[in-house]
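What follows is a short report on a single structure.
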2 protein chains.
Amino acid sequence: MANPLVQKLQHRDTLSAEEQAALEALSLDTRSFRVGETMVRQDEVQDRSTLLLEGFAARVRSTRSGKRQIVAVHLTGDFVDLHSFVLKRIDHSIEALTPCRIASVPHTALTAITERFPHLTRLLWLSTVIDGAVHRAWLAAMGSRSAAGHLAHFICEMFLRLQAVAQTEGQTMRLPFTQTEIGEILGLSSVHVNRTLQNLRAESLLRWQDGVITILDWAGLQRAAEFDPVYLSLQKEPR
Amino acid sequence: MANPLVQKLQHRDTLSAEEQAALEALSLDTRSFRVGETMVRQDEVQDRSTLLLEGFAARVRSTRSGKRQIVAVHLTGDFVDLHSFVLKRIDHSIEALTPCRIASVPHTALTAITERFPHLTRLLWLSTVIDGAVHRAWLAAMGSRSAAGHLAHFICEMFLRLQAVAQTEGQTMRLPFTQTEIGEILGLSSVHVNRTLQNLRAESLLRWQDGVITILDWAGLQRAAEFDPVYLSLQKEPR
DNA sequence: CGACATCTTGATCTGGATCAAGCCAGGTGG
DNA sequence: CCACCTGGCTTGATCCAGATCAAGATGTCG
């Protein structure tokens, strides 16, 4: 099976054979996590980064007062904490939302890439920058949209991101999150997530059963979300 | 006068003489903008990035429905849209909140740096990654704090960031934003910003007059904000 | 079978939005 | 020099989206 990171980067620019080989060589040391397990702990200094090969993971910021905010959701092919390569100390923890398989990549290997493959370095840099673009889209959605718009926006985003790694089938995707988790993503209570979801269902925009979402009306959902996919950078450009 | 970008990066790691020279060479083509002017326009393909030499700038995402959300605030020394170097197409516009002086850096010059200075490349990468960390702190503040906590958090952040480029005096800083702009940053109405501000004043946490803020009780403000500065990475580490 | 998590529904409360006015300072033009 | 206008700040009144509290319903797993 093709390395999902290679697959993902190929959406954004063309990789040479040597660059692909260099990436493949990163994914040797694999590990697994169960649901709810913490993969990386907040505020600790890191010397490795986590490449998600399978499953869903979340980046969670928790305050002393116990409030949890999910600041990012990651899926197959995402280099979840590539930013820790330059950041060293990380401002959130990473938790498995579903069973996860990862490759653990030592920062020394990444440093070696930056010394030998400038173009590949720019593409890895790009991944962290796209994470930032997603953060901004979330900020805009959280700051200026209604609960329904915000939820719709999240669903649109997840659909396109899953599609890019071939994890959708037609208009259907598996999104096995609890409504409490959705609440932690959107900054809403789980009760309100439930009711908002029912509204979207009532407007025949989507079906959501047992963690499987079917989008019934993409145009309508996109309109409700004011969703504009440019920020996901799903286009090839020379970088 | 020292290049403010050099000054800023020196907070995070040590720069060699050649690296400093390479950065100085970037800041040749300078321009000025007046209050309210758009420096970079949403969705256009970029071939230059903007280094802010003086003034305050905001990254603004606007939806078709006219709602504005400020997703980042930048100050002296910030490489405002360095991310456009790898992203090419940018998901927000950049506007001058005060009169601004900038250096406009062609992406070709940055590509040259990535080919010749791997360590400096990692430090530039770091700047974009810190932007992401700030986005996450904002997400957490917006999603899980009250208006007062969120506002206090923003003030704490701005204070430390301004301090890092020597733009504070004792407990005082110039933050010449209107309450409407603060509202666009926090996702609140300007009316509510006004009232929230009065609460912070009433609790003797700060003074705010004519765009000059004096922090009267840093510990109290930090507590109200649940502010933890790690995410700003104001420490030297080998990167 | 019981225990626990998740989803659902109802009732009530509240933080912040919205609408509307008045106030003040600075800038402009006659 | 004054009249006016504009943009920002402030205050009051009312409204509503979403929080919180509470309790069932459903499902799953040991």
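By order in the structure tokens, chains are A, B, ...; within a chain, residues start at 1; ligands start at 1, following the order shown.
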(message) Report as a ChimeraX atom specification all protein, DNA and RNA residues lying within 10 Å of Ser104 in chain A, evaluated on only C-alpha atoms (C1' of nucleotides), omitting residues in the same chain fewer than 5 positions from it.
(response) /A:26-31,47-52,79
Save the residues we just selected, N, CA and C atoms, as a PDB file, in the first residue's frame?
ATOM      1  N   LEU A  26      11.032   7.087   6.412  1.00  0.00           N
ATOM      2  CA  LEU A  26      10.656   7.645   7.715  1.00  0.00           C
ATOM      3  C   LEU A  26       9.699   6.748   8.483  1.00  0.00           C
ATOM      4  N   SER A  27       8.917   5.946   7.734  1.00  0.00           N
ATOM      5  CA  SER A  27       7.747   5.299   8.331  1.00  0.00           C
ATOM      6  C   SER A  27       8.041   3.900   8.864  1.00  0.00           C
ATOM      7  N   LEU A  28       9.235   3.711   9.417  1.00  0.00           N
ATOM      8  CA  LEU A  28       9.606   2.355   9.799  1.00  0.00           C
ATOM      9  C   LEU A  28       9.124   1.972  11.187  1.00  0.00           C
ATOM     10  N   ASP A  29       9.271   2.888  12.110  1.00  0.00           N
ATOM     11  CA  ASP A  29       9.003   2.570  13.515  1.00  0.00           C
ATOM     12  C   ASP A  29       7.522   2.801  13.830  1.00  0.00           C
ATOM     13  N   THR A  30       6.707   1.756  13.666  1.00  0.00           N
ATOM     14  CA  THR A  30       5.259   1.962  13.840  1.00  0.00           C
ATOM     15  C   THR A  30       4.781   1.477  15.209  1.00  0.00           C
ATOM     16  N   ARG A  31       3.706   2.090  15.677  1.00  0.00           N
ATOM     17  CA  ARG A  31       3.105   1.733  16.959  1.00  0.00           C
ATOM     18  C   ARG A  31       1.598   1.863  16.862  1.00  0.00           C
ATOM     19  N   ASP A  47      11.292  14.793  20.795  1.00  0.00           N
ATOM     20  CA  ASP A  47      12.368  14.561  19.840  1.00  0.00           C
ATOM     21  C   ASP A  47      11.916  13.646  18.700  1.00  0.00           C
ATOM     22  N   ARG A  48      10.595  13.440  18.589  1.00  0.00           N
ATOM     23  CA  ARG A  48      10.043  12.657  17.498  1.00  0.00           C
ATOM     24  C   ARG A  48       8.728  13.299  17.067  1.00  0.00           C
ATOM     25  N   SER A  49       8.327  13.024  15.829  1.00  0.00           N
ATOM     26  CA  SER A  49       7.018  13.472  15.369  1.00  0.00           C
ATOM     27  C   SER A  49       6.194  12.270  14.948  1.00  0.00           C
ATOM     28  N   THR A  50       4.881  12.466  14.918  1.00  0.00           N
ATOM     29  CA  THR A  50       3.938  11.372  14.750  1.00  0.00           C
ATOM     30  C   THR A  50       3.244  11.435  13.398  1.00  0.00           C
ATOM     31  N   LEU A  51       3.446  10.406  12.598  1.00  0.00           N
ATOM     32  CA  LEU A  51       2.762  10.328  11.310  1.00  0.00           C
ATOM     33  C   LEU A  51       1.608   9.342  11.456  1.00  0.00           C
ATOM     34  N   LEU A  52       0.407   9.818  11.202  1.00  0.00           N
ATOM     35  CA  LEU A  52      -0.767   8.976  11.425  1.00  0.00           C
ATOM     36  C   LEU A  52      -1.007   8.100  10.191  1.00  0.00           C
ATOM     37  N   PHE A  79       0.607  14.406   9.260  1.00  0.00           N
ATOM     38  CA  PHE A  79       1.798  14.431  10.097  1.00  0.00           C
ATOM     39  C   PHE A  79       1.418  15.240  11.337  1.00  0.00           C
TER      40      PHE A  79
END
Can you check which parts of range 131-213 of chain A lie within 12 Å of range 32-43 of chain A? Per residue, the shortest pair of atoms and distance in Å to one decimal, counting only C-alpha atoms, sorted by chain and number, as a Markdown table.
| residue | atom | partner | partner_atom | distance |
| --- | --- | --- | --- | --- |
| A:Pro176 | CA | A:Val35 | CA | 11.1 |
| A:Phe177 | CA | A:Val35 | CA | 11.0 |
| A:Glu181 | CA | A:Gly36 | CA | 11.3 |
May I have a table of the residues of chain A lying at most 12 Å from chain C, giving each one's closest pair of atoms and their distance in Å to one decimal, counting only C-alpha atoms (C1' of nucleotides), ordered by chain and ascending residue number, as a Markdown table?
| residue | atom | partner | partner_atom | distance |
| --- | --- | --- | --- | --- |
| A:Ser144 | CA | C:DA17 | C1' | 12.0 |
| A:Phe177 | CA | C:DT6 | C1' | 10.9 |
| A:Thr178 | CA | C:DT6 | C1' | 7.5 |
| A:Gln179 | CA | C:DT6 | C1' | 8.3 |
| A:Thr180 | CA | C:DT6 | C1' | 9.0 |
| A:Glu181 | CA | C:DT6 | C1' | 11.4 |
| A:Ser190 | CA | C:DC7 | C1' | 9.7 |
| A:Val191 | CA | C:DT8 | C1' | 8.7 |
| A:His192 | CA | C:DT8 | C1' | 11.1 |
| A:Val193 | CA | C:DC7 | C1' | 10.8 |
| A:Asn194 | CA | C:DT8 | C1' | 7.9 |
| A:Arg195 | CA | C:DT8 | C1' | 8.9 |
| A:Leu197 | CA | C:DC7 | C1' | 11.6 |
| A:Gln198 | CA | C:DT8 | C1' | 10.3 |
| A:Gln209 | CA | C:DC7 | C1' | 11.2 |
| A:Asp210 | CA | C:DT6 | C1' | 10.8 |
| A:Gly211 | CA | C:DT6 | C1' | 12.0 |
From range 12-218 of chain A, collect each residue whose DSSP state is helix (DSSP H, G or I) and return the set as a CSV table (one decimal) with C-alpha atoms, in the first residue's frame.
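Produced file selection36.csv, reproduced below:
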chain,number,residue,atom,x,y,z
A,17,ALA,CA,11.5,9.2,-6.8
A,18,GLU,CA,14.3,10.1,-4.3
A,19,GLU,CA,11.9,12.3,-2.4
A,20,GLN,CA,9.4,9.5,-2.2
A,21,ALA,CA,12.0,7.1,-1.0
A,22,ALA,CA,13.2,9.5,1.7
A,23,LEU,CA,9.6,9.7,3.0
A,24,GLU,CA,9.1,5.9,2.9
A,84,SER,CA,7.1,19.8,17.1
A,85,PHE,CA,10.1,19.3,14.9
A,86,VAL,CA,10.8,23.1,15.0
A,87,LEU,CA,8.7,23.9,18.0
A,107,HIS,CA,13.6,14.7,14.5
A,108,THR,CA,17.2,13.8,13.5
A,109,ALA,CA,15.7,12.1,10.4
A,110,LEU,CA,13.8,15.3,9.6
A,111,THR,CA,16.9,17.4,10.1
A,112,ALA,CA,18.6,15.2,7.6
A,113,ILE,CA,15.9,15.8,5.1
A,114,THR,CA,16.2,19.6,5.6
A,115,GLU,CA,19.9,19.3,4.9
A,116,ARG,CA,19.6,17.2,1.7
A,118,PRO,CA,15.1,21.6,0.1
A,119,HIS,CA,12.1,21.0,-2.1
A,120,LEU,CA,10.8,18.2,0.1
A,121,THR,CA,11.5,20.4,3.1
A,122,ARG,CA,9.2,23.0,1.6
A,123,LEU,CA,6.5,20.4,1.2
A,124,LEU,CA,6.8,19.3,4.8
A,125,TRP,CA,6.7,23.0,5.8
A,126,LEU,CA,3.6,23.3,3.7
A,127,SER,CA,1.8,20.6,5.7
A,128,THR,CA,2.3,22.5,8.9
A,129,VAL,CA,1.2,25.7,7.1
A,130,ILE,CA,-2.0,24.0,5.9
A,131,ASP,CA,-2.7,23.0,9.6
A,132,GLY,CA,-2.5,26.7,10.3
A,133,ALA,CA,-5.0,27.5,7.5
A,134,VAL,CA,-7.4,25.0,9.0
A,135,HIS,CA,-7.0,26.6,12.4
A,136,ARG,CA,-7.9,30.0,10.8
A,137,ALA,CA,-11.0,28.5,9.1
A,138,TRP,CA,-12.1,27.1,12.5
A,139,LEU,CA,-11.5,30.5,14.1
A,140,ALA,CA,-13.6,32.2,11.5
A,141,ALA,CA,-16.3,29.6,11.8
A,142,MET,CA,-16.3,29.7,15.6
A,143,GLY,CA,-16.2,33.5,15.8
A,144,SER,CA,-18.8,34.4,13.2
A,147,ALA,CA,-23.9,26.5,15.6
A,148,ALA,CA,-25.5,25.0,12.5
A,149,GLY,CA,-23.2,26.8,10.2
A,150,HIS,CA,-20.2,25.9,12.2
A,151,LEU,CA,-21.1,22.2,12.4
A,152,ALA,CA,-21.9,22.2,8.6
A,153,HIS,CA,-18.5,23.7,8.0
A,154,PHE,CA,-16.7,21.0,10.0
A,155,ILE,CA,-18.6,18.3,8.1
A,156,CYS,CA,-17.7,19.8,4.7
A,157,GLU,CA,-14.0,20.0,5.7
A,158,MET,CA,-13.8,16.5,7.0
A,159,PHE,CA,-15.5,15.2,3.8
A,160,LEU,CA,-13.0,16.8,1.5
A,161,ARG,CA,-10.0,15.8,3.6
A,162,LEU,CA,-11.2,12.2,3.8
A,163,GLN,CA,-11.8,12.3,0.1
A,164,ALA,CA,-8.2,13.3,-0.5
A,179,GLN,CA,-21.4,14.2,20.1
A,180,THR,CA,-19.4,15.2,23.1
A,181,GLU,CA,-16.3,15.2,21.0
A,182,ILE,CA,-18.0,17.2,18.3
A,183,GLY,CA,-18.9,19.7,21.1
A,184,GLU,CA,-15.3,19.9,22.1
A,185,ILE,CA,-14.3,20.6,18.5
A,186,LEU,CA,-17.0,23.3,18.0
A,190,SER,CA,-23.1,18.1,23.6
A,191,VAL,CA,-26.8,18.8,24.1
A,192,HIS,CA,-26.7,21.6,21.6
A,193,VAL,CA,-24.7,19.5,19.2
A,194,ASN,CA,-27.4,17.0,19.3
A,195,ARG,CA,-30.2,19.5,18.6
A,196,THR,CA,-28.2,21.2,15.8
A,197,LEU,CA,-27.5,17.9,14.2
A,198,GLN,CA,-31.2,17.2,14.2
A,199,ASN,CA,-31.8,20.5,12.4
A,200,LEU,CA,-29.4,19.5,9.7
A,201,ARG,CA,-31.1,16.2,9.3
A,202,ALA,CA,-34.5,17.8,9.3
A,218,TRP,CA,-23.7,19.0,-0.8
(request) Could you please write out, as a ChimeraX atom specification, every residue of range 15-229 of chain A that DSSP assigns to strand (DSSP E)? (result) /A:30-33,38-40,48-54,57-62,68-74,93-96,100-106,168-169,172-174,206-209,212-215
Selection export as a compact mmCIF listing (two decimals), in the first residue's frame, atoms kept: N, CA and C atoms:
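Written out: again.txt:
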# COMPACT_ATOMS: atom_id res chain seq x y z
N THR A 30 6.71 1.76 13.67
CA THR A 30 5.26 1.96 13.84
C THR A 30 4.78 1.48 15.21
N ARG A 31 3.71 2.09 15.68
CA ARG A 31 3.11 1.73 16.96
C ARG A 31 1.60 1.86 16.86
N SER A 32 0.90 1.29 17.85
CA SER A 32 -0.56 1.39 17.86
C SER A 32 -1.06 1.98 19.17
N PHE A 33 -2.21 2.63 19.11
CA PHE A 33 -2.85 3.19 20.30
C PHE A 33 -4.31 2.81 20.33
N THR A 38 -3.51 8.74 25.21
CA THR A 38 -2.77 9.95 24.90
C THR A 38 -1.49 9.55 24.16
N MET A 39 -1.32 10.08 22.97
CA MET A 39 -0.16 9.72 22.16
C MET A 39 1.02 10.64 22.45
N VAL A 40 0.73 11.91 22.67
CA VAL A 40 1.77 12.89 22.99
C VAL A 40 1.22 13.79 24.08
N ARG A 48 10.60 13.44 18.59
CA ARG A 48 10.04 12.66 17.50
C ARG A 48 8.73 13.30 17.07
N SER A 49 8.33 13.02 15.83
CA SER A 49 7.02 13.47 15.37
C SER A 49 6.19 12.27 14.95
N THR A 50 4.88 12.47 14.92
CA THR A 50 3.94 11.37 14.75
C THR A 50 3.24 11.43 13.40
N LEU A 51 3.45 10.41 12.60
CA LEU A 51 2.76 10.33 11.31
C LEU A 51 1.61 9.34 11.46
N LEU A 52 0.41 9.82 11.20
CA LEU A 52 -0.77 8.98 11.42
C LEU A 52 -1.01 8.10 10.19
N LEU A 53 -0.92 6.78 10.40
CA LEU A 53 -1.09 5.85 9.27
C LEU A 53 -2.53 5.37 9.17
N GLU A 54 -3.22 5.40 10.28
CA GLU A 54 -4.58 4.85 10.30
C GLU A 54 -5.29 5.35 11.54
N ALA A 57 -7.16 11.14 15.17
CA ALA A 57 -6.54 11.66 16.39
C ALA A 57 -6.94 13.11 16.56
N ALA A 58 -6.88 13.59 17.79
CA ALA A 58 -7.23 14.98 18.07
C ALA A 58 -6.11 15.65 18.83
N ARG A 59 -5.94 16.93 18.58
CA ARG A 59 -5.05 17.73 19.41
C ARG A 59 -5.92 18.47 20.41
N VAL A 60 -5.62 18.28 21.67
CA VAL A 60 -6.48 18.78 22.74
C VAL A 60 -5.71 19.74 23.63
N ARG A 61 -6.27 20.90 23.84
CA ARG A 61 -5.71 21.83 24.84
C ARG A 61 -6.61 21.78 26.05
N SER A 62 -6.04 21.47 27.20
CA SER A 62 -6.86 21.46 28.41
C SER A 62 -6.33 22.51 29.36
N ARG A 68 -11.85 21.17 28.15
CA ARG A 68 -11.11 20.62 27.03
C ARG A 68 -11.53 21.29 25.74
N GLN A 69 -10.56 21.66 24.92
CA GLN A 69 -10.89 22.17 23.60
C GLN A 69 -10.08 21.40 22.58
N ILE A 70 -10.76 20.77 21.65
CA ILE A 70 -10.07 20.11 20.55
C ILE A 70 -9.72 21.17 19.52
N VAL A 71 -8.42 21.35 19.24
CA VAL A 71 -8.00 22.41 18.33
C VAL A 71 -7.66 21.88 16.93
N ALA A 72 -7.61 20.56 16.78
CA ALA A 72 -7.39 20.00 15.46
C ALA A 72 -7.80 18.53 15.45
N VAL A 73 -8.26 18.07 14.30
CA VAL A 73 -8.60 16.67 14.12
C VAL A 73 -7.75 16.13 12.99
N HIS A 74 -7.15 14.97 13.19
CA HIS A 74 -6.26 14.43 12.16
C HIS A 74 -6.69 13.05 11.70
N SER A 93 -1.98 18.23 23.93
CA SER A 93 -1.68 16.81 23.86
C SER A 93 -2.36 16.22 22.63
N ILE A 94 -1.96 15.01 22.28
CA ILE A 94 -2.56 14.35 21.12
C ILE A 94 -3.18 13.06 21.60
N GLU A 95 -4.45 12.87 21.29
CA GLU A 95 -5.19 11.71 21.77
C GLU A 95 -5.81 10.94 20.62
N ALA A 96 -5.91 9.64 20.80
CA ALA A 96 -6.51 8.78 19.78
C ALA A 96 -8.03 8.83 19.92
N CYS A 100 -5.57 3.81 16.59
CA CYS A 100 -4.66 4.48 15.67
C CYS A 100 -3.40 3.66 15.45
N ARG A 101 -2.90 3.70 14.21
CA ARG A 101 -1.58 3.16 13.94
C ARG A 101 -0.73 4.34 13.48
N ILE A 102 0.44 4.49 14.04
CA ILE A 102 1.29 5.64 13.69
C ILE A 102 2.70 5.19 13.35
N ALA A 103 3.42 6.06 12.68
CA ALA A 103 4.86 5.91 12.56
C ALA A 103 5.49 7.03 13.37
N SER A 104 6.48 6.67 14.17
CA SER A 104 7.14 7.65 15.02
C SER A 104 8.46 8.05 14.35
N VAL A 105 8.60 9.31 14.00
CA VAL A 105 9.73 9.76 13.19
C VAL A 105 10.67 10.61 14.02
N PRO A 106 11.94 10.17 14.18
CA PRO A 106 12.87 10.97 14.98
C PRO A 106 13.20 12.30 14.29
N THR A 168 -13.59 8.15 1.41
CA THR A 168 -15.03 8.35 1.24
C THR A 168 -15.51 7.36 0.19
N GLU A 169 -16.81 7.08 0.24
CA GLU A 169 -17.41 6.25 -0.81
C GLU A 169 -18.65 6.98 -1.28
N THR A 172 -20.59 9.23 1.14
CA THR A 172 -20.57 8.68 2.49
C THR A 172 -19.16 8.69 3.08
N MET A 173 -19.07 8.96 4.36
CA MET A 173 -17.78 8.85 5.07
C MET A 173 -18.02 8.31 6.48
N ARG A 174 -17.00 7.64 7.00
CA ARG A 174 -17.04 7.24 8.40
C ARG A 174 -16.44 8.35 9.24
N LEU A 206 -28.14 15.96 5.44
CA LEU A 206 -27.30 14.79 5.62
C LEU A 206 -28.00 13.72 6.45
N ARG A 207 -27.43 12.52 6.41
CA ARG A 207 -27.83 11.45 7.31
C ARG A 207 -26.63 11.16 8.20
N TRP A 208 -26.86 10.83 9.46
CA TRP A 208 -25.75 10.55 10.39
C TRP A 208 -26.18 9.42 11.29
N GLN A 209 -25.59 8.24 11.07
CA GLN A 209 -25.99 7.07 11.84
C GLN A 209 -24.76 6.25 12.21
N VAL A 212 -21.52 7.01 10.67
CA VAL A 212 -21.43 7.07 9.21
C VAL A 212 -22.29 8.22 8.71
N ILE A 213 -21.65 9.14 7.99
CA ILE A 213 -22.38 10.31 7.50
C ILE A 213 -22.59 10.19 6.01
N THR A 214 -23.80 10.42 5.57
CA THR A 214 -24.07 10.53 4.14
C THR A 214 -24.54 11.95 3.85
N ILE A 215 -23.86 12.58 2.92
CA ILE A 215 -24.24 13.94 2.57
C ILE A 215 -25.31 13.87 1.49
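When CA of Gln167 in chain A is paired with CA of Gln222 in chain A, their separation reads 19.7 Å.
Nearest to Gln10 in chain B of all the residues B:Gly220, B:Pro99, B:Gly170, B:Pro238 is B:Pro238, counting only C-alpha atoms.
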Please build the interface table for chain D against chain A with a cut-off of 9 Å, listing for each qualifying residue the nearest atom pair and the distance in Å to one decimal; count only C-alpha atoms (C1' of nucleotides), order rows by chain and increasing number, and write it as CSV.
residue,atom,partner,partner_atom,distance
D:DA17,C1',A:Ser146,CA,8.4
D:DG18,C1',A:His192,CA,6.8
D:DA19,C1',A:Ser189,CA,7.1
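For the atom pair formed by CA of Lys8 in chain B and CA of Leu234 in chain B, the distance is 9.2 Å, given to one decimal.
The shortest atom-to-atom distance to chain A, with only C-alpha atoms taken into account, belongs to B:Ala225 out of B:Leu205, B:Ala225, B:Val165, B:Leu97.
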(message) What's around Val230 in chain A at 9 Å? Count only C-alpha atoms (C1' of nucleotides), leave out sequence neighbours fewer than 2 positions away in its own chain, and write the answer as number ranges by chain.
(response) A: 228, 232-235; B: 43, 89-91
Based on the selection just made, write N, CA and C atoms of those residues as a compact mmCIF listing (two decimals), in the first residue's frame.
# COMPACT_ATOMS: atom_id res chain seq x y z
N ASP A 228 -15.80 27.48 1.81
CA ASP A 228 -14.99 27.71 0.62
C ASP A 228 -13.70 26.90 0.78
N LEU A 232 -7.90 24.51 2.07
CA LEU A 232 -7.32 23.17 2.20
C LEU A 232 -6.19 22.92 1.20
N SER A 233 -5.98 23.85 0.28
CA SER A 233 -4.88 23.74 -0.70
C SER A 233 -4.85 22.40 -1.40
N LEU A 234 -5.99 21.98 -1.90
CA LEU A 234 -6.01 20.67 -2.56
C LEU A 234 -5.64 20.77 -4.03
N GLN A 235 -4.72 21.68 -4.35
CA GLN A 235 -4.30 21.83 -5.74
C GLN A 235 -2.80 21.76 -5.88
N ASP B 43 -7.30 35.27 -1.40
CA ASP B 43 -7.48 34.37 -2.54
C ASP B 43 -6.59 34.64 -3.76
N ARG B 89 -1.47 30.48 -2.39
CA ARG B 89 -2.76 31.17 -2.40
C ARG B 89 -3.20 31.34 -0.95
N ILE B 90 -3.65 32.55 -0.61
CA ILE B 90 -3.84 32.85 0.80
C ILE B 90 -5.32 33.01 1.13
N ASP B 91 -5.72 32.49 2.30
CA ASP B 91 -7.13 32.36 2.63
C ASP B 91 -7.70 33.56 3.37
